[in-house]
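Working notes, structure below.
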Amino acid sequence: MTISSSSEYSNVVAAPNGKHLTQDASINSRGMLAKMGKLAKSWLKLAQVKRIDLDAAYAFDPEKPDFMPNLLPFAEHPLYVNASPEMKQRILSFGWLIYNWKTVEIEEKLISPICNKILHGDIPGQASASMSEVIGQTLVDEAYHILMVIKACEYTMAMRDLPRMNISSEFELVTSLQKEQARYLETWKHDMVQLAISIVSEVFISDYLTLLSNAHEIQPINRMVVTAHRRDEFRHSPIFKHIAQDAYANMNDEQKAFFCDVLPKPVRWFVSRELKVWRSVLEQLGFEGTDKLIDDTMEASRDELLRIDYSELITLAQEIGILDTAIGADSFHREGLIS
Ligand SMILES: [Fe+2]
Ligand SMILES: [Fe+2]
């Protein structure tokens with residue numbers, strides 16, 4: 001990639017696909033770009049890549065659960081509550097594995113594709129040297145997170161002697177994204193849906209990570225992996241807010257209308273308790289009453305929006321002007337995010 005620059009904030013970037021993207025300093029706020037520049041410079045010092053020794057010996061305490069019981073979607077169901085201690089321990093181990101498998105899906109199918117789209121010039125705006133650098137760094141971070149959680153899964157499976165299961169293609173979060181994209185013929189609409197889910201993801205993922213990284217009752221290595229991930233995601237947060245702001249400011253009217261309509265949709269996809277995955281895991285574990293447990297949990301999970309905090313997404317939509325549009329206000333209302 002070649003970059004010519006007339007000033008720190010005004011660049012013309014030749015993207016790998018040959019497209020030339022002009023950047024308007026009046027659209028890209030100088031403050032945000034300066035922030036991206038600072039983030040790019042601080043990466044080597046703060047990124048968790050290679051800073052965590054995944055092979056270090058951690059005292060494994062077989063009595064400590066691998067996951068927080070109250071994060072199981074059926075934690076209070078009598079069939080789980082009355083299960084044997086051995087079965088409960090295995091289910092908690094799989095709670096940790098499912099959480100990590102889902103993390104891999106998010107990094108691989110939600111975040112990395114949008115970073116690549118940005119680098120190729122397929123997303124409106126985003127053209128500056130500092131932005132290209134932070135996106136490249138984000139790709140490295142996310143690849144490292146995949147390595148971290150894969151190693152964490154292998155460690156847990158070895159210590160608990162768990163069977164290997166292959167269920168990664170069944171996550172509702174990913175199938176919802178794919179179904180939504182399949183509704184449209186235009187590639188740019190697929191890109192907008194991908195942009196929306198990546199922005200929502202980066203808003204939500206940190207909340208969940210914070211919860212687990214403060215859970216001192218779980219295995220120390222599990223908490224360490226989540227804490228390292230949370231540090232990086234905390235650094236990502238302003239990057240994705242900037243991406244949303246800059247992309248929206250540089251969209252044409254048709255793109256803006258489509259993006260306003262689609263942005264709140266992924267919130268409901270994130271709310272999924274991934275009960276299809278759980279059904280498959282429990283069946284493979286030989287859990288008696290799997291169908292009743294899952295069917296009852298599905299029934300009780302109707303209004304799941306109540307259990308999550310999506311206020312940051314509303315604030316972001318307000319800040320970039322989406323809620324000032326009729327389509328934006330309608331879509332956030334339709335999805336139940338605003339009244
Ligand atoms: Fe990540
Ligand atoms: Fe991230």
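Every chain in the structure tokens takes a letter, A first, then B, and so on in the order presented; its residues are numbered from 1, and the ligands are numbered from 1 following the presented order.
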
Counting only C-alpha atoms and all ligand atoms, what are the residues of chain A within 8 Å of ligand 2, and for each of them which pair of atoms is the nearest and at what distance in Å, to one decimal? Sort the table by chain and rising number, as JSON lines.
```
{"residue": "A:Glu107", "atom": "CA", "partner": "ligand 2", "partner_atom_place_in_ligand_line": "1 (Fe)", "distance": 7.1}
{"residue": "A:Ile111", "atom": "CA", "partner": "ligand 2", "partner_atom_place_in_ligand_line": "1 (Fe)", "distance": 6.8}
{"residue": "A:Thr138", "atom": "CA", "partner": "ligand 2", "partner_atom_place_in_ligand_line": "1 (Fe)", "distance": 6.9}
{"residue": "A:Asp141", "atom": "CA", "partner": "ligand 2", "partner_atom_place_in_ligand_line": "1 (Fe)", "distance": 7.5}
{"residue": "A:Glu142", "atom": "CA", "partner": "ligand 2", "partner_atom_place_in_ligand_line": "1 (Fe)", "distance": 6.1}
{"residue": "A:Ser201", "atom": "CA", "partner": "ligand 2", "partner_atom_place_in_ligand_line": "1 (Fe)", "distance": 8.0}
{"residue": "A:Glu202", "atom": "CA", "partner": "ligand 2", "partner_atom_place_in_ligand_line": "1 (Fe)", "distance": 5.8}
{"residue": "A:Ile205", "atom": "CA", "partner": "ligand 2", "partner_atom_place_in_ligand_line": "1 (Fe)", "distance": 7.8}
{"residue": "A:Asp232", "atom": "CA", "partner": "ligand 2", "partner_atom_place_in_ligand_line": "1 (Fe)", "distance": 7.0}
{"residue": "A:Glu233", "atom": "CA", "partner": "ligand 2", "partner_atom_place_in_ligand_line": "1 (Fe)", "distance": 4.8}
{"residue": "A:His236", "atom": "CA", "partner": "ligand 2", "partner_atom_place_in_ligand_line": "1 (Fe)", "distance": 5.7}
{"residue": "A:Ser237", "atom": "CA", "partner": "ligand 2", "partner_atom_place_in_ligand_line": "1 (Fe)", "distance": 7.7}
```

Save out the residues we just selected, N, CA and C atoms, as a CSV table (one decimal), in the first residue's frame.
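The resulting part39.csv:
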```csv
chain,number,residue,atom,x,y,z
A,107,GLU,N,-14.2,-13.1,16.5
A,107,GLU,CA,-12.9,-12.6,15.9
A,107,GLU,C,-12.8,-12.9,14.4
A,111,ILE,N,-15.2,-9.5,13.3
A,111,ILE,CA,-14.3,-8.4,13.3
A,111,ILE,C,-13.2,-8.4,12.2
A,138,THR,N,-5.2,-4.1,15.0
A,138,THR,CA,-6.4,-4.8,15.5
A,138,THR,C,-6.5,-6.2,14.9
A,141,ASP,N,-4.1,-8.2,16.9
A,141,ASP,CA,-4.7,-8.4,18.2
A,141,ASP,C,-5.7,-9.6,18.2
A,142,GLU,N,-6.7,-9.5,17.2
A,142,GLU,CA,-7.8,-10.5,17.1
A,142,GLU,C,-7.2,-11.9,16.8
A,201,SER,N,-20.7,-5.5,18.2
A,201,SER,CA,-19.8,-6.5,18.9
A,201,SER,C,-18.8,-5.8,19.8
A,202,GLU,N,-18.2,-4.8,19.3
A,202,GLU,CA,-17.1,-4.1,20.1
A,202,GLU,C,-17.7,-3.3,21.2
A,205,ILE,N,-18.8,-6.7,23.7
A,205,ILE,CA,-17.9,-7.8,24.2
A,205,ILE,C,-17.2,-7.4,25.5
A,232,ASP,N,-7.1,-5.5,25.7
A,232,ASP,CA,-7.1,-5.2,24.3
A,232,ASP,C,-8.4,-4.6,23.8
A,233,GLU,N,-9.5,-5.2,24.2
A,233,GLU,CA,-10.8,-4.8,23.7
A,233,GLU,C,-11.1,-3.4,24.3
A,236,HIS,N,-9.7,-1.2,21.9
A,236,HIS,CA,-10.4,-1.2,20.6
A,236,HIS,C,-11.6,-0.3,20.6
A,237,SER,N,-12.2,-0.1,21.7
A,237,SER,CA,-13.5,0.6,21.8
A,237,SER,C,-13.5,1.9,21.1
```

All residues 6 Å or closer to segment 320-337 of chain A, only C-alpha atoms, same chain fewer than 3 positions away omitted, as a list in words: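 Near neighbours after the sequence-gap exclusion: Gln245, Cys260, Asp261, Pro264 and Ala317 of chain A.
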
Based on the backbone DSSP call, show me all residues of segment 41-285 of chain A assigned helix (DSSP H, G or I), as a VMD selection string. chain A and resid 41 to 46 69 to 71 78 to 81 85 to 119 129 to 160 168 to 170 172 to 182 187 to 213 220 to 249 253 to 262 265 to 271 275 to 285

Who sits within 8 Å of Val149 of chain A, only C-alpha atoms, same chain under 3 positions skipped, as number ranges by chain: A: 100-101, 103-104, 145-146, 152-153, 225

For atom CA of Gln255 of chain A and atom CA of Ala196 of chain A, quote the distance in Å rounded to one decimal.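 Separation of atom CA of Gln255 of chain A and atom CA of Ala196 of chain A: 12.2 Å.
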
Among the residues A:Met148, A:Val262, A:Ile135, A:Val271, the one that comes closest to Glu172 of chain A [using only C-alpha atoms]: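 Smallest distance to Glu172 of chain A is found for A:Val271.
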
How many Å lie between atom CA of Arg30 of chain A and atom CA of Pro124 of chain A, rounded to one decimal? 17.4 Å

Excluding Ser311 of chain A and residues on its chain fewer than 3 positions from it, collect all residues at most 12 Å away from it, counting only C-alpha atoms, and give them as a PyMOL selection string. chain A and resi 200+203-204+207+264+267+305-306+308+314-318+332+337-338

Pick from A:Ile167, A:Leu139, A:Leu211, A:Leu285: nearest to Arg230 of chain A, with only C-alpha atoms counted? A:Leu211

Under the rule that only C-alpha atoms and all ligand atoms are counted, which of A:Ala143, A:Ser198, A:Lys265, A:Ser93 is the nearest residue to ligand 1? A:Ala143

All strand (DSSP E or B) residues (DSSP, backbone) inside segment 11-150 of chain A, as a PyMOL selection string: chain A and resi 11-14+20-22

Using only C-alpha atoms and all ligand atoms, can you tell me which of A:Leu110, A:Leu195, A:Ala83, A:Ile118 comes closest to ligand 1? A:Leu110

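Note that the spacing between atom CA of Ala40 of chain A and atom CA of Thr227 of chain A amounts to 21.2 Å.
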
With distances taken over only C-alpha atoms, which of A:Trp278, A:Phe287, A:Phe258, A:Phe60 is nearest to Leu72 of chain A?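 Using only C-alpha atoms, Leu72 of chain A sits closest to A:Trp278.
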
Using only C-alpha atoms, what table do you get, as JSON lines, when you list each residue of segment 242-327 of chain A with an atom no more than 12 Å from segment 86-90 of chain A, its nearest pair of atoms, and their distance in Å rounded to one decimal, rows by chain then rising number?
```
{"residue": "A:Val281", "atom": "CA", "partner": "A:Arg90", "partner_atom": "CA", "distance": 10.4}
{"residue": "A:Leu282", "atom": "CA", "partner": "A:Arg90", "partner_atom": "CA", "distance": 9.8}
{"residue": "A:Gln284", "atom": "CA", "partner": "A:Arg90", "partner_atom": "CA", "distance": 11.5}
{"residue": "A:Leu285", "atom": "CA", "partner": "A:Arg90", "partner_atom": "CA", "distance": 8.3}
{"residue": "A:Gly286", "atom": "CA", "partner": "A:Met87", "partner_atom": "CA", "distance": 9.4}
{"residue": "A:Phe287", "atom": "CA", "partner": "A:Met87", "partner_atom": "CA", "distance": 7.8}
{"residue": "A:Glu288", "atom": "CA", "partner": "A:Met87", "partner_atom": "CA", "distance": 10.3}
```

Resulting file, chosen residues, C-alpha atoms, as a CSV table (one decimal), in the first residue's frame:
```
chain,number,residue,atom,x,y,z
A,281,VAL,CA,-23.3,-30.2,23.8
A,282,LEU,CA,-25.7,-31.6,26.5
A,284,GLN,CA,-23.2,-35.4,23.6
A,285,LEU,CA,-22.6,-35.3,27.3
A,286,GLY,CA,-25.6,-37.6,27.8
A,287,PHE,CA,-27.5,-35.2,30.0
A,288,GLU,CA,-30.9,-36.6,30.9
```

Return the single residue from A:Leu92, A:Ala228, A:Met165, A:Met36 that is closest to ligand 1, with distances computed using only C-alpha atoms and all ligand atoms.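 Going through A:Leu92, A:Ala228, A:Met165, A:Met36 one by one, the smallest distance to ligand 1 is for A:Ala228.
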